[in-house]
$ cat final_3.cif   # mmCIF, N, CA, C and O atoms
data_protein
#
loop_
_atom_site.label_atom_id
_atom_site.label_comp_id
_atom_site.auth_asym_id
_atom_site.auth_seq_id
_atom_site.Cartn_x
_atom_site.Cartn_y
_atom_site.Cartn_z
N MET D 1498 0.73 79.15 45.25
CA MET D 1498 1.34 77.86 45.18
C MET D 1498 0.39 76.87 45.87
O MET D 1498 -0.30 77.22 46.82
N ILE D 1499 0.40 75.63 45.36
CA ILE D 1499 -0.45 74.58 45.92
C ILE D 1499 0.41 73.59 46.70
O ILE D 1499 1.42 73.11 46.21
N LEU D 1500 -0.01 73.29 47.91
CA LEU D 1500 0.66 72.32 48.78
C LEU D 1500 -0.33 71.20 49.07
O LEU D 1500 -1.53 71.44 49.17
N ALA D 1501 0.17 69.98 49.18
CA ALA D 1501 -0.66 68.82 49.52
C ALA D 1501 0.24 67.77 50.17
O ALA D 1501 1.45 67.97 50.31
N ASN D 1502 -0.36 66.67 50.56
CA ASN D 1502 0.41 65.52 51.05
C ASN D 1502 0.28 64.38 50.04
O ASN D 1502 -0.83 64.08 49.60
N ARG D 1503 1.41 63.78 49.69
CA ARG D 1503 1.40 62.63 48.78
C ARG D 1503 0.87 61.44 49.54
O ARG D 1503 1.28 61.17 50.66
N LEU D 1504 -0.04 60.69 48.95
CA LEU D 1504 -0.67 59.57 49.63
C LEU D 1504 0.26 58.37 49.82
O LEU D 1504 0.12 57.62 50.77
N THR D 1505 1.22 58.18 48.93
CA THR D 1505 2.08 57.01 49.03
C THR D 1505 3.00 57.04 50.24
O THR D 1505 3.34 56.00 50.78
N ASP D 1506 3.42 58.24 50.66
CA ASP D 1506 4.36 58.32 51.78
C ASP D 1506 4.07 59.45 52.77
O ASP D 1506 4.79 59.62 53.74
N GLY D 1507 3.04 60.25 52.51
CA GLY D 1507 2.67 61.32 53.43
C GLY D 1507 3.49 62.59 53.33
O GLY D 1507 3.23 63.55 54.04
N ARG D 1508 4.48 62.61 52.45
CA ARG D 1508 5.35 63.78 52.32
C ARG D 1508 4.59 64.98 51.78
O ARG D 1508 3.66 64.85 50.99
N VAL D 1509 5.03 66.17 52.19
CA VAL D 1509 4.50 67.41 51.65
C VAL D 1509 5.03 67.57 50.23
O VAL D 1509 6.22 67.38 49.98
N VAL D 1510 4.13 67.90 49.30
CA VAL D 1510 4.50 68.10 47.91
C VAL D 1510 3.86 69.37 47.37
O VAL D 1510 2.88 69.87 47.94
N PHE D 1511 4.42 69.87 46.28
CA PHE D 1511 3.96 71.10 45.65
C PHE D 1511 3.58 70.81 44.21
O PHE D 1511 4.26 70.03 43.53
N LEU D 1512 2.52 71.42 43.74
CA LEU D 1512 2.08 71.22 42.36
C LEU D 1512 3.01 71.99 41.43
O LEU D 1512 3.19 73.21 41.59
N ALA D 1513 3.59 71.30 40.46
CA ALA D 1513 4.47 71.92 39.46
C ALA D 1513 3.64 72.39 38.27
O ALA D 1513 2.50 71.97 38.09
N ALA D 1514 4.22 73.24 37.45
CA ALA D 1514 3.52 73.79 36.28
C ALA D 1514 3.08 72.71 35.31
O ALA D 1514 2.07 72.87 34.63
N ASP D 1515 3.81 71.59 35.25
CA ASP D 1515 3.44 70.52 34.32
C ASP D 1515 2.40 69.56 34.90
O ASP D 1515 2.06 68.56 34.29
N GLY D 1516 1.91 69.85 36.11
CA GLY D 1516 0.88 69.02 36.73
C GLY D 1516 1.43 67.91 37.61
O GLY D 1516 0.66 67.20 38.26
N SER D 1517 2.74 67.76 37.66
CA SER D 1517 3.33 66.75 38.54
C SER D 1517 3.43 67.31 39.96
O SER D 1517 3.24 68.50 40.19
N TRP D 1518 3.73 66.43 40.89
CA TRP D 1518 3.91 66.82 42.29
C TRP D 1518 5.38 66.68 42.64
O TRP D 1518 5.98 65.64 42.39
N VAL D 1519 5.96 67.74 43.19
CA VAL D 1519 7.39 67.78 43.47
C VAL D 1519 7.64 68.02 44.95
O VAL D 1519 6.82 68.65 45.64
N ASP D 1520 8.77 67.52 45.44
CA ASP D 1520 9.15 67.69 46.85
C ASP D 1520 9.75 69.06 47.15
O ASP D 1520 9.74 69.51 48.28
N ASP D 1521 10.31 69.69 46.13
CA ASP D 1521 11.07 70.93 46.30
C ASP D 1521 10.18 72.14 46.03
O ASP D 1521 9.63 72.29 44.94
N ILE D 1522 10.08 73.02 47.01
CA ILE D 1522 9.25 74.21 46.86
C ILE D 1522 9.70 75.07 45.68
O ILE D 1522 8.88 75.71 45.02
N ALA D 1523 10.98 75.05 45.36
CA ALA D 1523 11.50 75.84 44.24
C ALA D 1523 10.97 75.36 42.90
O ALA D 1523 10.95 76.12 41.94
N ALA D 1524 10.53 74.12 42.82
CA ALA D 1524 10.02 73.56 41.56
C ALA D 1524 8.50 73.67 41.44
O ALA D 1524 7.94 73.31 40.41
N GLY D 1525 7.84 74.17 42.46
CA GLY D 1525 6.39 74.30 42.42
C GLY D 1525 5.95 75.48 41.57
O GLY D 1525 6.68 76.45 41.40
N ALA D 1526 4.74 75.38 41.03
CA ALA D 1526 4.19 76.45 40.20
C ALA D 1526 3.74 77.61 41.06
O ALA D 1526 3.10 77.42 42.10
N LEU D 1527 4.08 78.81 40.64
CA LEU D 1527 3.63 80.02 41.32
C LEU D 1527 2.46 80.62 40.55
O LEU D 1527 2.40 80.52 39.33
N THR D 1528 1.60 81.27 41.26
CA THR D 1528 0.48 81.97 40.64
C THR D 1528 0.43 83.38 41.23
O THR D 1528 0.80 83.58 42.38
N THR D 1529 0.00 84.32 40.42
CA THR D 1529 0.00 85.71 40.88
C THR D 1529 -1.37 86.35 40.88
O THR D 1529 -1.50 87.50 41.26
N ASP D 1530 -2.40 85.60 40.46
CA ASP D 1530 -3.74 86.18 40.46
C ASP D 1530 -4.77 85.12 40.86
O ASP D 1530 -4.49 83.92 40.80
N ALA D 1531 -5.92 85.59 41.26
CA ALA D 1531 -6.95 84.70 41.79
C ALA D 1531 -7.44 83.68 40.77
O ALA D 1531 -7.68 82.52 41.10
N ALA D 1532 -7.59 84.09 39.52
CA ALA D 1532 -8.11 83.17 38.50
C ALA D 1532 -7.14 82.01 38.26
O ALA D 1532 -7.55 80.85 38.21
N SER D 1533 -5.85 82.29 38.13
CA SER D 1533 -4.90 81.20 37.91
C SER D 1533 -4.73 80.36 39.17
O SER D 1533 -4.52 79.15 39.09
N ALA D 1534 -4.87 80.98 40.33
CA ALA D 1534 -4.81 80.22 41.59
C ALA D 1534 -5.96 79.21 41.64
O ALA D 1534 -5.77 78.05 42.02
N GLN D 1535 -7.13 79.63 41.23
CA GLN D 1535 -8.29 78.72 41.23
C GLN D 1535 -8.13 77.60 40.21
O GLN D 1535 -8.53 76.46 40.45
N ARG D 1536 -7.51 77.91 39.06
CA ARG D 1536 -7.24 76.86 38.06
C ARG D 1536 -6.26 75.83 38.61
O ARG D 1536 -6.46 74.62 38.45
N LEU D 1537 -5.20 76.29 39.27
CA LEU D 1537 -4.24 75.36 39.87
C LEU D 1537 -4.90 74.52 40.96
O LEU D 1537 -4.67 73.31 41.05
N LEU D 1538 -5.74 75.15 41.76
CA LEU D 1538 -6.41 74.42 42.83
C LEU D 1538 -7.37 73.37 42.25
O LEU D 1538 -7.43 72.25 42.75
N ALA D 1539 -8.06 73.70 41.17
CA ALA D 1539 -8.95 72.72 40.52
C ALA D 1539 -8.14 71.55 39.98
O ALA D 1539 -8.54 70.39 40.10
N GLN D 1540 -6.99 71.83 39.39
CA GLN D 1540 -6.10 70.77 38.90
C GLN D 1540 -5.64 69.88 40.06
O GLN D 1540 -5.62 68.65 39.96
N ALA D 1541 -5.30 70.49 41.16
CA ALA D 1541 -4.85 69.74 42.34
C ALA D 1541 -5.98 68.87 42.90
O ALA D 1541 -5.75 67.73 43.31
N ARG D 1542 -7.18 69.39 42.89
CA ARG D 1542 -8.32 68.61 43.40
C ARG D 1542 -8.63 67.41 42.51
O ARG D 1542 -9.08 66.38 43.00
N ARG D 1543 -8.37 67.55 41.22
CA ARG D 1543 -8.53 66.39 40.33
C ARG D 1543 -7.50 65.32 40.69
O ARG D 1543 -7.82 64.12 40.65
N ALA D 1544 -6.30 65.73 41.04
CA ALA D 1544 -5.28 64.77 41.49
C ALA D 1544 -5.72 64.10 42.79
O ALA D 1544 -5.48 62.91 43.00
N GLU D 1545 -6.38 64.86 43.64
CA GLU D 1545 -6.90 64.29 44.88
C GLU D 1545 -7.98 63.25 44.56
O GLU D 1545 -8.02 62.18 45.18
N ASP D 1546 -8.82 63.54 43.58
CA ASP D 1546 -9.86 62.59 43.18
C ASP D 1546 -9.26 61.28 42.65
O ASP D 1546 -9.87 60.22 42.77
N ARG D 1547 -8.06 61.36 42.07
CA ARG D 1547 -7.36 60.17 41.57
C ARG D 1547 -6.50 59.52 42.66
O ARG D 1547 -5.73 58.61 42.38
N SER D 1548 -6.61 60.01 43.89
CA SER D 1548 -5.87 59.48 45.04
C SER D 1548 -4.35 59.63 44.93
O SER D 1548 -3.59 58.81 45.44
N ALA D 1549 -3.90 60.70 44.27
CA ALA D 1549 -2.47 60.99 44.18
C ALA D 1549 -2.01 61.78 45.40
O ALA D 1549 -0.90 61.58 45.91
N VAL D 1550 -2.86 62.71 45.86
CA VAL D 1550 -2.53 63.58 47.00
C VAL D 1550 -3.74 63.72 47.89
O VAL D 1550 -4.86 63.36 47.52
N LEU D 1551 -3.50 64.30 49.06
CA LEU D 1551 -4.56 64.53 50.03
C LEU D 1551 -4.59 66.00 50.41
O LEU D 1551 -3.54 66.61 50.65
N GLU D 1552 -5.78 66.57 50.45
CA GLU D 1552 -6.03 67.92 50.93
C GLU D 1552 -5.15 69.00 50.32
O GLU D 1552 -4.45 69.72 51.03
N PRO D 1553 -5.18 69.17 49.00
CA PRO D 1553 -4.42 70.27 48.40
C PRO D 1553 -5.03 71.62 48.77
O PRO D 1553 -6.26 71.74 48.88
N TYR D 1554 -4.18 72.61 48.97
CA TYR D 1554 -4.67 73.96 49.25
C TYR D 1554 -3.63 74.99 48.86
O TYR D 1554 -2.45 74.68 48.68
N LEU D 1555 -4.08 76.22 48.69
CA LEU D 1555 -3.22 77.34 48.32
C LEU D 1555 -2.44 77.83 49.53
O LEU D 1555 -2.98 77.91 50.64
N ILE D 1556 -1.17 78.18 49.29
CA ILE D 1556 -0.37 78.83 50.33
C ILE D 1556 0.28 80.07 49.74
O ILE D 1556 0.53 80.15 48.54
N GLY D 1557 0.54 81.03 50.60
CA GLY D 1557 1.28 82.22 50.19
C GLY D 1557 2.78 81.94 50.27
O GLY D 1557 3.24 81.26 51.18
N VAL D 1558 3.52 82.46 49.30
CA VAL D 1558 4.96 82.26 49.23
C VAL D 1558 5.63 83.60 48.92
O VAL D 1558 5.10 84.41 48.17
N ARG D 1559 6.81 83.80 49.50
CA ARG D 1559 7.60 84.99 49.18
C ARG D 1559 9.05 84.57 48.95
O ARG D 1559 9.48 83.52 49.41
N ALA D 1560 9.76 85.41 48.23
CA ALA D 1560 11.19 85.15 48.00
C ALA D 1560 11.99 85.81 49.12
O ALA D 1560 11.76 86.97 49.45
N ALA D 1561 12.89 85.05 49.71
CA ALA D 1561 13.76 85.57 50.77
C ALA D 1561 15.15 85.01 50.55
O ALA D 1561 15.33 83.79 50.51
N ALA D 1562 16.12 85.89 50.37
CA ALA D 1562 17.51 85.48 50.15
C ALA D 1562 17.62 84.52 48.96
O ALA D 1562 18.35 83.54 49.01
N GLY D 1563 16.86 84.79 47.91
CA GLY D 1563 16.92 83.99 46.69
C GLY D 1563 16.20 82.66 46.76
O GLY D 1563 16.31 81.85 45.85
N ALA D 1564 15.48 82.39 47.84
CA ALA D 1564 14.76 81.12 47.99
C ALA D 1564 13.30 81.41 48.29
O ALA D 1564 12.95 82.44 48.86
N ARG D 1565 12.45 80.47 47.90
CA ARG D 1565 11.02 80.59 48.22
C ARG D 1565 10.78 80.16 49.65
O ARG D 1565 11.31 79.15 50.10
N ARG D 1566 9.96 80.93 50.33
CA ARG D 1566 9.59 80.61 51.70
C ARG D 1566 8.09 80.81 51.87
O ARG D 1566 7.55 81.84 51.46
N PRO D 1567 7.40 79.86 52.48
CA PRO D 1567 5.98 80.06 52.77
C PRO D 1567 5.79 81.25 53.71
O PRO D 1567 6.63 81.49 54.60
N VAL D 1568 4.74 81.99 53.51
CA VAL D 1568 4.44 83.15 54.36
C VAL D 1568 4.05 82.69 55.76
O VAL D 1568 4.48 83.26 56.75
N SER D 1569 3.27 81.64 55.84
CA SER D 1569 2.79 81.12 57.12
C SER D 1569 3.88 80.33 57.85
O SER D 1569 4.59 79.51 57.24
N PHE D 1570 4.01 80.54 59.14
CA PHE D 1570 4.97 79.78 59.95
C PHE D 1570 4.68 78.29 59.86
O PHE D 1570 5.59 77.48 59.68
N ARG D 1571 3.41 77.92 59.96
CA ARG D 1571 3.01 76.51 59.89
C ARG D 1571 3.45 75.88 58.57
O ARG D 1571 4.00 74.78 58.54
N GLU D 1572 3.21 76.57 57.47
CA GLU D 1572 3.59 76.03 56.16
C GLU D 1572 5.10 76.00 55.99
O GLU D 1572 5.63 75.15 55.28
N GLY D 1573 5.80 76.90 56.64
CA GLY D 1573 7.26 76.86 56.62
C GLY D 1573 7.78 75.59 57.26
O GLY D 1573 8.71 74.96 56.75
N ILE D 1574 7.18 75.19 58.35
CA ILE D 1574 7.57 73.94 59.00
C ILE D 1574 7.25 72.76 58.09
O ILE D 1574 8.07 71.87 57.90
N ARG D 1575 6.07 72.75 57.51
CA ARG D 1575 5.67 71.64 56.63
C ARG D 1575 6.57 71.55 55.41
O ARG D 1575 6.97 70.46 55.00
N ALA D 1576 6.92 72.69 54.82
CA ALA D 1576 7.75 72.70 53.61
C ALA D 1576 9.17 72.23 53.90
O ALA D 1576 9.84 71.70 53.01
N ALA D 1577 9.62 72.38 55.13
CA ALA D 1577 10.99 71.99 55.49
C ALA D 1577 11.16 70.48 55.61
O ALA D 1577 12.28 69.99 55.66
N GLY D 1578 10.07 69.75 55.68
CA GLY D 1578 10.17 68.29 55.75
C GLY D 1578 9.75 67.78 57.11
O GLY D 1578 9.34 68.54 57.99
N PRO D 1579 9.87 66.49 57.31
CA PRO D 1579 9.41 65.87 58.56
C PRO D 1579 10.11 66.48 59.78
O PRO D 1579 11.28 66.84 59.72
N THR D 1580 9.36 66.58 60.86
CA THR D 1580 9.93 67.09 62.11
C THR D 1580 10.36 65.97 63.03
O THR D 1580 10.71 66.20 64.19
N ILE D 1581 10.32 64.76 62.51
CA ILE D 1581 10.80 63.61 63.26
C ILE D 1581 11.90 62.94 62.45
O ILE D 1581 12.01 63.14 61.24
N ARG D 1582 12.72 62.16 63.08
CA ARG D 1582 13.79 61.46 62.38
C ARG D 1582 13.20 60.31 61.57
O ARG D 1582 12.43 59.51 62.09
N THR D 1583 13.56 60.27 60.30
CA THR D 1583 13.05 59.23 59.42
C THR D 1583 14.14 58.18 59.12
O THR D 1583 13.88 57.22 58.40
N ASP D 1584 15.31 58.36 59.72
CA ASP D 1584 16.42 57.45 59.43
C ASP D 1584 16.53 56.31 60.46
O ASP D 1584 17.41 55.48 60.36
N LEU D 1585 15.64 56.27 61.42
CA LEU D 1585 15.67 55.23 62.44
C LEU D 1585 14.66 54.15 62.13
O LEU D 1585 13.52 54.44 61.75
N ALA D 1586 15.04 52.93 62.27
CA ALA D 1586 14.11 51.83 62.05
C ALA D 1586 13.11 51.77 63.19
O ALA D 1586 13.44 52.01 64.34
N GLY D 1587 11.86 51.46 62.85
CA GLY D 1587 10.78 51.44 63.83
C GLY D 1587 10.89 50.28 64.70
O GLY D 1587 10.67 49.98 65.74
#
$ encode --input "final_3.cif" --output "structure tokens"
Amino acid sequence: MILANRLTDGRVVFLAADGSWVDDIAAGALTTDAASAQRLLAQARRAEDRSAVLEPYLIGVRAAAGARRPVSFREGIRAAGPTIRTDLAG
């Protein structure tokens, strides 16, 4: 799976199979082999070149209790959304 940050708002997004960027990890494209992972990463880097996202990279994902979860603790935090309150006015 490919994870990146959307440039318009900084949110973590996942590359979907149709090439769009989605907020929900469940809607992101999964890959099971190195060749398709590299194709997805190349697609994501083209989006970075168009200034749609920043720093796309591959992450490991596993299914747990019927939901996708990043393998890495760090990516689990990122996938869960902001760690600060976004409902307060600055």
$ closest_residue --input "final_3.cif" --among "D:Leu1555, D:Ile1522, D:Ile1574, D:Ala1562" --to "Met1498 (chain D)" --atoms "only C-alpha atoms"
D:Leu1555
$ resolve_selection --input "final_3.cif" --expression "the PyMOL selection byres ((chain D and resi 1538-1553) around 4.5)" --output "list of chain:residue names"
D:Leu1500, D:Ala1501, D:Asn1502, D:Arg1503, D:Leu1504, D:Ala1534, D:Gln1535, D:Arg1536, D:Leu1537, D:Tyr1554
$ select_by_dssp --input "final_3.cif" --residues "region 1514-1572 of chain D" --states "strand (DSSP E or B)" --output "list in words"
Trp1518, Val1519, Val1550, Leu1551, Glu1552, Pro1553, Tyr1554, Leu1555, Val1558, Arg1559, Ala1560, Ala1561, Ala1564, Arg1565, Arg1566 and Pro1567 of chain D
$ atom_distance --input "final_3.cif" --atom1 "atom N of Thr1529 (chain D)" --atom2 "atom O of Gly1573 (chain D)"
20.7 Å
$ atom_distance --input "final_3.cif" --atom1 "atom O of Ala1531 (chain D)" --atom2 "atom N of Glu1572 (chain D)"
20.5 Å
$ atom_distance --input "final_3.cif" --atom1 "CA of Val1558 (chain D)" --atom2 "CA of Asp1530 (chain D)"
13.0 Å
$ residues_around --input "final_3.cif" --residues "Phe1511 (chain D)" --least-positions-apart "4" --cutoff "6 Å" --atoms "only C-alpha atoms" --output "list in words"
Ile1499, Leu1500, Trp1518, Val1519 and Gly1525 of chain D
$ select_by_dssp --input "final_3.cif" --residues "region 1509-1566 of chain D" --states "alpha helix (DSSP H)" --output "ChimeraX atom specification"
/D:1531-1546
$ residues_around --input "final_3.cif" --residues "Ala1526 (chain D)" --least-positions-apart "2" --cutoff "5 Å" --atoms "all atoms listed in the file" --output "MDAnalysis selection string"
chainID D and resid 1498:1499 1512:1514 1524 1528
$ resolve_selection --input "final_3.cif" --expression "the PyMOL selection byres ((chain D and resi 1568) around 4.5)" --output "JSON list (two decimals) with N, CA, C and O atoms, in the coordinates of the input"
[["chain", "number", "residue", "atom", "x", "y", "z"],
["D", 1557, "GLY", "N", 0.54, 81.03, 50.60],
["D", 1557, "GLY", "CA", 1.28, 82.22, 50.19],
["D", 1557, "GLY", "C", 2.78, 81.94, 50.27],
["D", 1557, "GLY", "O", 3.24, 81.26, 51.18],
["D", 1558, "VAL", "N", 3.52, 82.46, 49.30],
["D", 1558, "VAL", "CA", 4.96, 82.26, 49.23],
["D", 1558, "VAL", "C", 5.63, 83.60, 48.92],
["D", 1558, "VAL", "O", 5.10, 84.41, 48.17],
["D", 1566, "ARG", "N", 9.96, 80.93, 50.33],
["D", 1566, "ARG", "CA", 9.59, 80.61, 51.70],
["D", 1566, "ARG", "C", 8.09, 80.81, 51.87],
["D", 1566, "ARG", "O", 7.55, 81.84, 51.46],
["D", 1567, "PRO", "N", 7.40, 79.86, 52.48],
["D", 1567, "PRO", "CA", 5.98, 80.06, 52.77],
["D", 1567, "PRO", "C", 5.79, 81.25, 53.71],
["D", 1567, "PRO", "O", 6.63, 81.49, 54.60],
["D", 1569, "SER", "N", 3.27, 81.64, 55.84],
["D", 1569, "SER", "CA", 2.79, 81.12, 57.12],
["D", 1569, "SER", "C", 3.88, 80.33, 57.85],
["D", 1569, "SER", "O", 4.59, 79.51, 57.24],
["D", 1570, "PHE", "N", 4.01, 80.54, 59.14],
["D", 1570, "PHE", "CA", 4.97, 79.78, 59.95],
["D", 1570, "PHE", "C", 4.68, 78.29, 59.86],
["D", 1570, "PHE", "O", 5.59, 77.48, 59.68]]
